[in-house]
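Student: What follows is a structure written as structure tokens; I'll ask about it next.
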Amino acid sequence: MGDAEARYCLVEGLDALDQRSGSLLPAWAPGQREELAEVERATGDEIWCMAEVDIFADLSASEMEAIAAAAPMKTYSAGDLLYSPHQPVETLFILKKGRVRIFRVSPDGRALTTALVTPGTIFGDMLLLGQQMHDNFAEALDEVVVCLMARADVHRFLLSDPRIASRISEILGRRVAELERRLSDTVFKNVPQRIAATLCLLAGEQQKRSLGRGVQLALTHEQIAALTGTSRETATKVLGEYADRGLLRLGRGKVTILDPDTITAEAGD
């Protein structure tokens, strides 16, 4: 690939991560973070966390209220870990707000992003769902709000409902396909192609802003490097080259795609 030596590496070992009380502080985390917010129950609108979540699309208000009562909300700051190999939790996470990066770390410190979770979907460790997270880290890319559901409630409310169970199967299938794509990109694509492919993926999930031109992504160079398996310096160089060609515009903590067609072509898909 020509960039294996420059892959994004964690600067601390797993033991150090374990001592962080569930919080990872990579190079691009936004300084000193606050402690994790306490879990809180939904108030006022009791189905706030359930609304607009794909797997609950055609449930009645009473059905969503019952699920919401069993799924308290929790907020994480950017850079916080939702779980790690040394702090596993058998919980289903329903993502309401923000983005979560799922990644693994090799013994020599290399990190591989296996999934990027966006609002309206689920993730976590559930043997009932045929997926595990004991080898994974889940990190908040920005402020994240999730609803938490215990194993017993997953079986009671989700898997017992054929409508929801079918959608969960579809989500897991898409996640496997995404993992295969990321592994393929890591092996067969160079760094500029991986960065372009990641920008395309994120742009497809980001609505165009009403003002200005292009699709704006709230990501730092460090975050893009982590998502694409390279170093910050290399990511900055590639992004700068794309900006010089007029394909995107760089700002503090954001990237605006100006020419999505050319960026798609650069991805090499």
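Labeling convention for the structure tokens: chains A, B, ... as they appear, residues from 1 per chain, ligands from 1 in order of appearance.
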Give me every strand (DSSP E or B) residue in stretch 84-233 of chain A, going by DSSP on the backbone, as a PyMOL selection string.
Tutor: chain A and resi 84+87+91-97+100-105+110-117+122-124+126+131+137-140+144-150+215-217
Student: Would you give me, as a count of residues only, the residues in stretch 45-179 of chain A that DSSP reads as helix (DSSP H, G or I)?
Tutor: 42
Student: With distances taken over only C-alpha atoms, which of A:Glu170, A:Asp135, A:Asp269, A:Glu241 is nearest to A:Leu201?
Tutor: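 Under the stated criterion, the closest residue is A:Asp269.
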Student: Given only C-alpha atoms as the basis, pick out the residue of A:Gly214, A:Phe103, A:Ala140, A:Ile94 nearest to A:Ile122.
Tutor: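 Comparing A:Gly214, A:Phe103, A:Ala140, A:Ile94 against A:Ile122, the winner is A:Ile94.
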Student: Go through stretch 73-144 of chain A residue by residue and, counting only C-alpha atoms, keep those with an atom at most 9 Å from stretch 220-234 of chain A; for each kept residue give the shortest atom pair and its distance in Å to one decimal, ordered by chain and increasing number, as JSON lines.
Tutor:
{"residue": "A:Arg101", "atom": "CA", "partner": "A:Leu227", "partner_atom": "CA", "distance": 7.9}
{"residue": "A:Phe103", "atom": "CA", "partner": "A:Leu227", "partner_atom": "CA", "distance": 8.9}
{"residue": "A:Arg110", "atom": "CA", "partner": "A:Gly229", "partner_atom": "CA", "distance": 8.3}
{"residue": "A:Ala111", "atom": "CA", "partner": "A:Gly229", "partner_atom": "CA", "distance": 6.9}
{"residue": "A:Leu112", "atom": "CA", "partner": "A:Gly229", "partner_atom": "CA", "distance": 6.2}
{"residue": "A:Thr113", "atom": "CA", "partner": "A:Leu227", "partner_atom": "CA", "distance": 5.7}
{"residue": "A:Thr114", "atom": "CA", "partner": "A:Leu227", "partner_atom": "CA", "distance": 8.8}
{"residue": "A:Ala115", "atom": "CA", "partner": "A:Leu227", "partner_atom": "CA", "distance": 8.9}
{"residue": "A:Leu116", "atom": "CA", "partner": "A:Leu227", "partner_atom": "CA", "distance": 8.3}
{"residue": "A:Leu141", "atom": "CA", "partner": "A:Gln223", "partner_atom": "CA", "distance": 7.7}
Student: Rounded to one decimal, what separation in Å do you get between atom CA of A:Thr75 and atom CA of A:Ile164?
Tutor: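 Separation of atom CA of A:Thr75 and atom CA of A:Ile164: 24.6 Å.
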Student: Quick one: of A:Lys74, A:Lys254, A:Lys237, A:Arg194, who's nearest to A:Gln216, counting only C-alpha atoms?
Tutor: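 Ranking A:Lys74, A:Lys254, A:Lys237, A:Arg194 by distance to A:Gln216, first place goes to A:Lys254.
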Student: Using only C-alpha atoms, find the one residue out of A:Leu95, A:Ala138, A:Ala265, A:Ile102 that sits nearest to A:Tyr83.
Tutor: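 The answer is A:Ala138, which sits nearest to A:Tyr83.
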Student: With distances taken over only C-alpha atoms, which of A:Val187, A:Val117, A:Ala70, A:Ile257 is nearest to A:Ile171?
Tutor: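 The shortest atom-to-atom distance to A:Ile171 comes from A:Val117.
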Student: Write out as number ranges by chain which residues come within 10 Å of A:Asp153 when counting only C-alpha atoms, dropping same-chain ones fewer than 5 positions away.
Tutor: A: 67, 70-71, 91-92, 148, 158-159
Student: Could you tell me how far atom CA of A:Pro88 sits from atom CA of A:Arg151, in Å to one decimal place?
Tutor: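 For atom CA of A:Arg151 relative to atom CA of A:Pro88, the distance reads 13.4 Å.
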Student: Quick one: residues within 12 Å of A:Asp259, only C-alpha atoms counted, chain neighbours fewer than 4 positions away excluded, as a PyMOL selection string?
Tutor: chain A and resi 196+199-200+203+213-216+242-243+245-249+263-266
Student: Emit the selected residues as a tab-separated table (two decimals), in the first residue's frame, including all heavy atoms.
Tutor:
chain	number	residue	atom	x	y	z
A	196	ALA	N	-10.62	9.78	0.28
A	196	ALA	CA	-11.72	10.16	-0.59
A	196	ALA	C	-12.94	9.27	-0.36
A	196	ALA	O	-14.08	9.75	-0.31
A	196	ALA	CB	-11.28	10.09	-2.06
A	199	LEU	N	-14.64	10.29	2.88
A	199	LEU	CA	-15.39	11.54	2.71
A	199	LEU	C	-16.69	11.29	1.96
A	199	LEU	O	-17.73	11.87	2.28
A	199	LEU	CB	-14.53	12.55	1.96
A	199	LEU	CG	-13.28	13.08	2.69
A	199	LEU	CD1	-12.50	14.03	1.80
A	199	LEU	CD2	-13.65	13.76	4.00
A	200	CYS	N	-16.64	10.42	0.94
A	200	CYS	CA	-17.86	10.09	0.19
A	200	CYS	C	-18.89	9.42	1.09
A	200	CYS	O	-20.09	9.73	1.03
A	200	CYS	CB	-17.53	9.19	-0.99
A	200	CYS	SG	-16.62	10.00	-2.33
A	203	ALA	N	-20.32	11.99	3.44
A	203	ALA	CA	-21.16	12.96	2.72
A	203	ALA	C	-22.51	12.37	2.39
A	203	ALA	O	-23.53	13.08	2.38
A	203	ALA	CB	-20.45	13.42	1.45
A	213	ARG	N	-22.19	26.43	-0.35
A	213	ARG	CA	-22.05	25.42	-1.39
A	213	ARG	C	-21.32	24.21	-0.84
A	213	ARG	O	-20.33	24.33	-0.14
A	213	ARG	CB	-21.27	26.01	-2.57
A	213	ARG	CG	-21.14	25.09	-3.77
A	213	ARG	CD	-20.65	25.87	-4.96
A	213	ARG	NE	-19.30	26.38	-4.76
A	213	ARG	CZ	-18.21	25.77	-5.21
A	213	ARG	NH1	-18.31	24.64	-5.88
A	213	ARG	NH2	-17.02	26.30	-5.01
A	214	GLY	N	-21.81	23.03	-1.15
A	214	GLY	CA	-21.12	21.81	-0.76
A	214	GLY	C	-21.69	21.16	0.47
A	214	GLY	O	-22.64	21.64	1.09
A	215	VAL	N	-21.09	20.03	0.84
A	215	VAL	CA	-21.50	19.25	2.01
A	215	VAL	C	-20.45	19.42	3.08
A	215	VAL	O	-19.27	19.12	2.86
A	215	VAL	CB	-21.66	17.76	1.64
A	215	VAL	CG1	-22.09	16.97	2.86
A	215	VAL	CG2	-22.66	17.59	0.51
A	216	GLN	N	-20.85	19.87	4.24
A	216	GLN	CA	-19.90	20.14	5.32
A	216	GLN	C	-19.87	18.98	6.31
A	216	GLN	O	-20.90	18.51	6.79
A	216	GLN	CB	-20.29	21.42	6.05
A	216	GLN	CG	-19.24	21.87	7.08
A	216	GLN	CD	-19.62	23.19	7.71
A	216	GLN	OE1	-20.16	23.23	8.82
A	216	GLN	NE2	-19.36	24.28	7.00
A	242	TYR	N	-6.18	18.05	-2.08
A	242	TYR	CA	-7.55	18.11	-2.58
A	242	TYR	C	-8.08	19.55	-2.54
A	242	TYR	O	-8.79	19.99	-3.45
A	242	TYR	CB	-8.46	17.20	-1.76
A	242	TYR	CG	-8.31	15.73	-2.06
A	242	TYR	CD1	-8.66	14.75	-1.12
A	242	TYR	CD2	-7.84	15.28	-3.29
A	242	TYR	CE1	-8.54	13.40	-1.39
A	242	TYR	CE2	-7.71	13.93	-3.58
A	242	TYR	CZ	-8.05	13.00	-2.62
A	242	TYR	OH	-7.94	11.65	-2.90
A	243	ALA	N	-7.72	20.27	-1.47
A	243	ALA	CA	-8.17	21.66	-1.36
A	243	ALA	C	-7.53	22.53	-2.44
A	243	ALA	O	-8.20	23.40	-3.02
A	243	ALA	CB	-7.83	22.20	0.03
A	245	ARG	N	-6.79	21.70	-5.33
A	245	ARG	CA	-7.46	21.38	-6.61
A	245	ARG	C	-8.90	21.87	-6.64
A	245	ARG	O	-9.60	21.69	-7.63
A	245	ARG	CB	-7.41	19.88	-6.85
A	245	ARG	CG	-6.01	19.33	-7.07
A	245	ARG	CD	-6.00	17.81	-7.03
A	245	ARG	NE	-6.94	17.22	-7.98
A	245	ARG	CZ	-7.24	15.92	-8.02
A	245	ARG	NH1	-6.69	15.08	-7.14
A	245	ARG	NH2	-8.11	15.47	-8.91
A	246	GLY	N	-9.35	22.48	-5.56
A	246	GLY	CA	-10.71	23.01	-5.51
A	246	GLY	C	-11.77	21.97	-5.25
A	246	GLY	O	-12.96	22.23	-5.44
A	247	LEU	N	-11.37	20.78	-4.77
A	247	LEU	CA	-12.34	19.72	-4.52
A	247	LEU	C	-13.03	19.87	-3.17
A	247	LEU	O	-14.14	19.38	-2.98
A	247	LEU	CB	-11.65	18.35	-4.59
A	247	LEU	CG	-10.87	18.05	-5.87
A	247	LEU	CD1	-10.32	16.62	-5.83
A	247	LEU	CD2	-11.73	18.28	-7.09
A	248	LEU	N	-12.37	20.51	-2.24
A	248	LEU	CA	-12.95	20.73	-0.92
A	248	LEU	C	-12.35	21.98	-0.29
A	248	LEU	O	-11.36	22.53	-0.77
A	248	LEU	CB	-12.74	19.49	-0.03
A	248	LEU	CG	-11.33	18.89	0.09
A	248	LEU	CD1	-10.47	19.65	1.08
A	248	LEU	CD2	-11.43	17.43	0.47
A	249	ARG	N	-12.99	22.42	0.78
A	249	ARG	CA	-12.53	23.59	1.52
A	249	ARG	C	-12.29	23.16	2.97
A	249	ARG	O	-13.14	22.50	3.58
A	249	ARG	CB	-13.55	24.72	1.46
A	249	ARG	CG	-13.12	25.99	2.19
A	249	ARG	CD	-14.06	27.15	1.94
A	249	ARG	NE	-15.42	26.86	2.41
A	249	ARG	CZ	-16.48	26.72	1.61
A	249	ARG	NH1	-16.34	26.82	0.30
A	249	ARG	NH2	-17.66	26.46	2.12
A	263	ILE	N	-14.44	13.84	-6.09
A	263	ILE	CA	-14.02	13.13	-4.89
A	263	ILE	C	-14.42	11.65	-5.00
A	263	ILE	O	-13.65	10.75	-4.64
A	263	ILE	CB	-14.65	13.75	-3.63
A	263	ILE	CG1	-13.99	15.09	-3.32
A	263	ILE	CG2	-14.51	12.83	-2.43
A	263	ILE	CD1	-12.54	14.98	-2.85
A	264	THR	N	-15.60	11.39	-5.55
A	264	THR	CA	-16.03	10.02	-5.76
A	264	THR	C	-15.10	9.30	-6.72
A	264	THR	O	-14.72	8.13	-6.51
A	264	THR	CB	-17.46	9.98	-6.30
A	264	THR	OG1	-18.34	10.61	-5.35
A	264	THR	CG2	-17.92	8.55	-6.54
A	265	ALA	N	-14.70	9.99	-7.79
A	265	ALA	CA	-13.77	9.39	-8.74
A	265	ALA	C	-12.41	9.13	-8.09
A	265	ALA	O	-11.76	8.09	-8.37
A	265	ALA	CB	-13.60	10.31	-9.94
A	266	GLU	N	-11.99	10.00	-7.20
A	266	GLU	CA	-10.71	9.83	-6.51
A	266	GLU	C	-10.73	8.62	-5.60
A	266	GLU	O	-9.69	8.03	-5.31
A	266	GLU	CB	-10.39	11.08	-5.68
A	266	GLU	CG	-10.06	12.32	-6.49
A	266	GLU	CD	-8.72	12.21	-7.21
A	266	GLU	OE1	-7.80	11.57	-6.65
A	266	GLU	OE2	-8.60	12.74	-8.33
Student: Go through A:Ala197, A:Ala66, A:Ala78, A:Val53 and flag the residue nearest A:Pro119, using only C-alpha atoms for the distances.
Tutor: A:Val53
Student: Have a look at atom CA of A:Ser62 and atom CA of A:Lys96 and let me know their distance in Å, one decimal.
Tutor: 19.2 Å
